[in-house]
Amino acid sequence: MATDQQRIERLTTAAAFCLFDKKLSASGNSSVIWGALNLLIGGVLVSSNDMWGAVSLLLGLALVVSGLYEKKVRDPKVVILSAATLAGLAIWNFTIIALSAMGKTRLVFGGRTLFWAIAQIIGAYGTWKTYAAYKALQEKADDPTVQEVRGSIDELAKAKPAQTLDLVEFDASAGFIEGNKRYRLKPVEDMYVIARYKSQVGSTKLEEVTFVPRNEVAIIPEGEKFMSKKIKASVRLGALTIPKVSITPDMAARIDPALRTMSLGAS
């Protein structure tokens, strides 16, 4: 029978695999967008009797197809495909810049093409570097655990804290550069599934999913000052302590029922 630590390691590996999956899906979306853009560029050039536009059309079509493939297929080879696609697009953009300089074609979007090419080559290198990590995760993660964790991630993302009585949500300041982080905790048996999001204007982006035994989660209120019906506190998640937390008394009481009186006092 697996120990708690082995179970946490298995869940953590599955969570890392799920997050990687999301990145691959996002990469697929990017490829489709780049492909659509190249189809547009190719169409404009061909309509102007510039036959170099045919290359952009073919490349755009290839990008759309590879993007859809990235979104659907989960295999380490997809990482290589994604990197190769971005690199190919970058090379073509550098080529079309050179052709434009020689007067053989024109840049439909002007100087933006150079910035796109640089971003694409950097993205291709960054994607290629993740191949080994993704391959190792795929070999180590077991499918039932991956499906379990994926379900928990989706459930946390869709949940409405005010209507989900066992869900805990709070924000924490991570400094000027990092901005605010939003945490969501949901108990599953004797564990807490913990999702950390980066709060952005009008949206949140999932950054990390971890698992901590329920008896290793605690909240430490910092005085009894209320700011818009929220209190300041620190939250301990296993070995990690999160400072500068802003949490409603009701959410705090979900972590520590002894704080229920604080919740009643705020209502």
# chains A, B, ... in the order shown; residues from 1 in each chain; ligands from 1
$ residues_around --residues "Leu167 (chain A)" --least-positions-apart "4" --cutoff "6 Å" --atoms "only C-alpha atoms" --output "list of chain:residue names"
A:Pro161, A:Leu185, A:Lys186
$ write_last_selection --atoms "N, CA and C atoms" --output "short mmCIF file (atom, residue, chain, number, x, y, z; two decimals), in the first residue's frame"
data_model
loop_
_atom_site.label_atom_id
_atom_site.label_comp_id
_atom_site.auth_asym_id
_atom_site.auth_seq_id
_atom_site.Cartn_x
_atom_site.Cartn_y
_atom_site.Cartn_z
N PRO A 161 -17.02 29.71 -5.19
CA PRO A 161 -16.70 29.58 -3.76
C PRO A 161 -17.88 29.83 -2.83
N LEU A 185 -8.51 25.93 -2.49
CA LEU A 185 -8.26 24.67 -1.80
C LEU A 185 -9.56 23.88 -1.73
N LYS A 186 -9.46 22.60 -2.05
CA LYS A 186 -10.63 21.74 -1.95
C LYS A 186 -10.22 20.42 -1.32
#
$ residues_around --residues "Met191 (chain A)" --least-positions-apart "4" --cutoff "9 Å" --atoms "only C-alpha atoms" --output "count of residues only"
8
$ select_by_dssp --residues "region 9-257 of chain A" --states "strand (DSSP E)" --output "VMD selection string"
chain A and resid 168 to 173 180 to 188 191 to 200 203 to 213 217 to 227 230 to 237 240 to 247
$ residues_around --residues "Thr113 (chain A)" --least-positions-apart "5" --cutoff "12 Å" --atoms "only C-alpha atoms" --output "MDAnalysis selection string"
chainID A and resid 34 37:38 41 89:98 100 106:108 118:120
$ write_last_selection --atoms "N, CA and C atoms" --output "compact mmCIF listing (two decimals), in the first residue's frame"
# COMPACT_ATOMS: atom_id res chain seq x y z
N TRP A 34 -1.06 31.74 -35.65
CA TRP A 34 0.03 32.09 -36.56
C TRP A 34 -0.29 31.61 -37.98
N LEU A 37 -2.77 33.89 -39.58
CA LEU A 37 -2.11 35.14 -39.95
C LEU A 37 -1.31 34.97 -41.24
N ASN A 38 -0.62 33.83 -41.36
CA ASN A 38 0.15 33.59 -42.58
C ASN A 38 -0.75 33.34 -43.78
N ILE A 41 -1.59 36.82 -44.82
CA ILE A 41 -0.46 37.45 -45.51
C ILE A 41 -0.30 36.87 -46.91
N LEU A 89 8.57 28.81 -39.08
CA LEU A 89 7.90 30.09 -39.29
C LEU A 89 8.87 31.25 -39.11
N ALA A 90 9.74 31.14 -38.09
CA ALA A 90 10.73 32.19 -37.86
C ALA A 90 11.68 32.31 -39.04
N ILE A 91 12.13 31.17 -39.55
CA ILE A 91 13.06 31.18 -40.70
C ILE A 91 12.39 31.82 -41.91
N TRP A 92 11.12 31.48 -42.12
CA TRP A 92 10.42 32.07 -43.26
C TRP A 92 10.26 33.58 -43.09
N ASN A 93 9.98 34.02 -41.87
CA ASN A 93 9.84 35.46 -41.64
C ASN A 93 11.16 36.19 -41.86
N PHE A 94 12.27 35.58 -41.43
CA PHE A 94 13.58 36.18 -41.70
C PHE A 94 13.85 36.21 -43.21
N THR A 95 13.42 35.13 -43.88
CA THR A 95 13.62 35.05 -45.34
C THR A 95 12.83 36.13 -46.06
N ILE A 96 11.58 36.31 -45.64
CA ILE A 96 10.74 37.30 -46.33
C ILE A 96 11.23 38.72 -46.05
N ILE A 97 11.86 38.92 -44.88
CA ILE A 97 12.47 40.22 -44.59
C ILE A 97 13.63 40.48 -45.56
N ALA A 98 14.44 39.43 -45.78
CA ALA A 98 15.57 39.56 -46.71
C ALA A 98 15.07 39.80 -48.14
N SER A 100 12.30 41.18 -48.98
CA SER A 100 11.77 42.54 -49.03
C SER A 100 12.90 43.55 -49.18
N ARG A 106 7.13 42.30 -50.49
CA ARG A 106 6.90 43.37 -49.53
C ARG A 106 6.41 42.79 -48.21
N LEU A 107 6.65 43.54 -47.17
CA LEU A 107 6.21 43.12 -45.84
C LEU A 107 4.80 43.66 -45.60
N VAL A 108 3.84 42.76 -45.55
CA VAL A 108 2.45 43.19 -45.38
C VAL A 108 2.26 43.93 -44.07
N ILE A 118 11.71 37.08 -34.22
CA ILE A 118 12.54 36.94 -33.02
C ILE A 118 11.76 36.19 -31.93
N ALA A 119 10.50 36.57 -31.73
CA ALA A 119 9.67 35.90 -30.72
C ALA A 119 9.49 34.43 -31.05
N GLN A 120 9.33 34.13 -32.33
CA GLN A 120 9.11 32.74 -32.74
C GLN A 120 10.36 31.88 -32.54
$ closest_atom_pairs --of "region 112-205 of chain A" --to "region 239-244 of chain A" --cutoff "12 Å" --atoms "only C-alpha atoms" --output "Markdown table"
| residue | atom | partner | partner_atom | distance |
| --- | --- | --- | --- | --- |
| A:Phe170 | CA | A:Lys244 | CA | 10.4 |
| A:Asp171 | CA | A:Lys244 | CA | 8.4 |
| A:Ala172 | CA | A:Lys244 | CA | 5.5 |
| A:Ser173 | CA | A:Lys244 | CA | 5.7 |
| A:Ala174 | CA | A:Lys244 | CA | 8.0 |
| A:Gly175 | CA | A:Lys244 | CA | 9.7 |
| A:Gly179 | CA | A:Lys244 | CA | 11.9 |
| A:Asn180 | CA | A:Lys244 | CA | 10.0 |
| A:Lys181 | CA | A:Ile242 | CA | 10.3 |
| A:Arg182 | CA | A:Ile242 | CA | 11.2 |
| A:Tyr183 | CA | A:Ile242 | CA | 10.2 |
| A:Arg196 | CA | A:Ile242 | CA | 11.5 |
$ atom_distance --atom1 "CA of Ala136 (chain A)" --atom2 "CA of Thr13 (chain A)"
9.9 Å
$ closest_residue --among "A:Ala159, A:Ala16, A:Lys205, A:Ser152" --to "Tyr192 (chain A)" --atoms "only C-alpha atoms"
A:Ser152
$ atom_distance --atom1 "CA of Val217 (chain A)" --atom2 "CA of Gln147 (chain A)"
24.9 Å
$ residues_around --residues "Leu58 (chain A)" --least-positions-apart "5" --cutoff "10 Å" --atoms "only C-alpha atoms" --output "VMD selection string"
chain A and resid 35 38 to 39 42 53 63
$ closest_residue --among "A:Arg74, A:Lys158, A:Arg10, A:Lys232" --to "Thr204 (chain A)" --atoms "only C-alpha atoms"
A:Lys158
$ residues_around --residues "Val64 (chain A)" --least-positions-apart "6" --cutoff "12 Å" --atoms "only C-alpha atoms" --output "ChimeraX atom specification"
/A:27-39,57-58,70-71,82,85-86
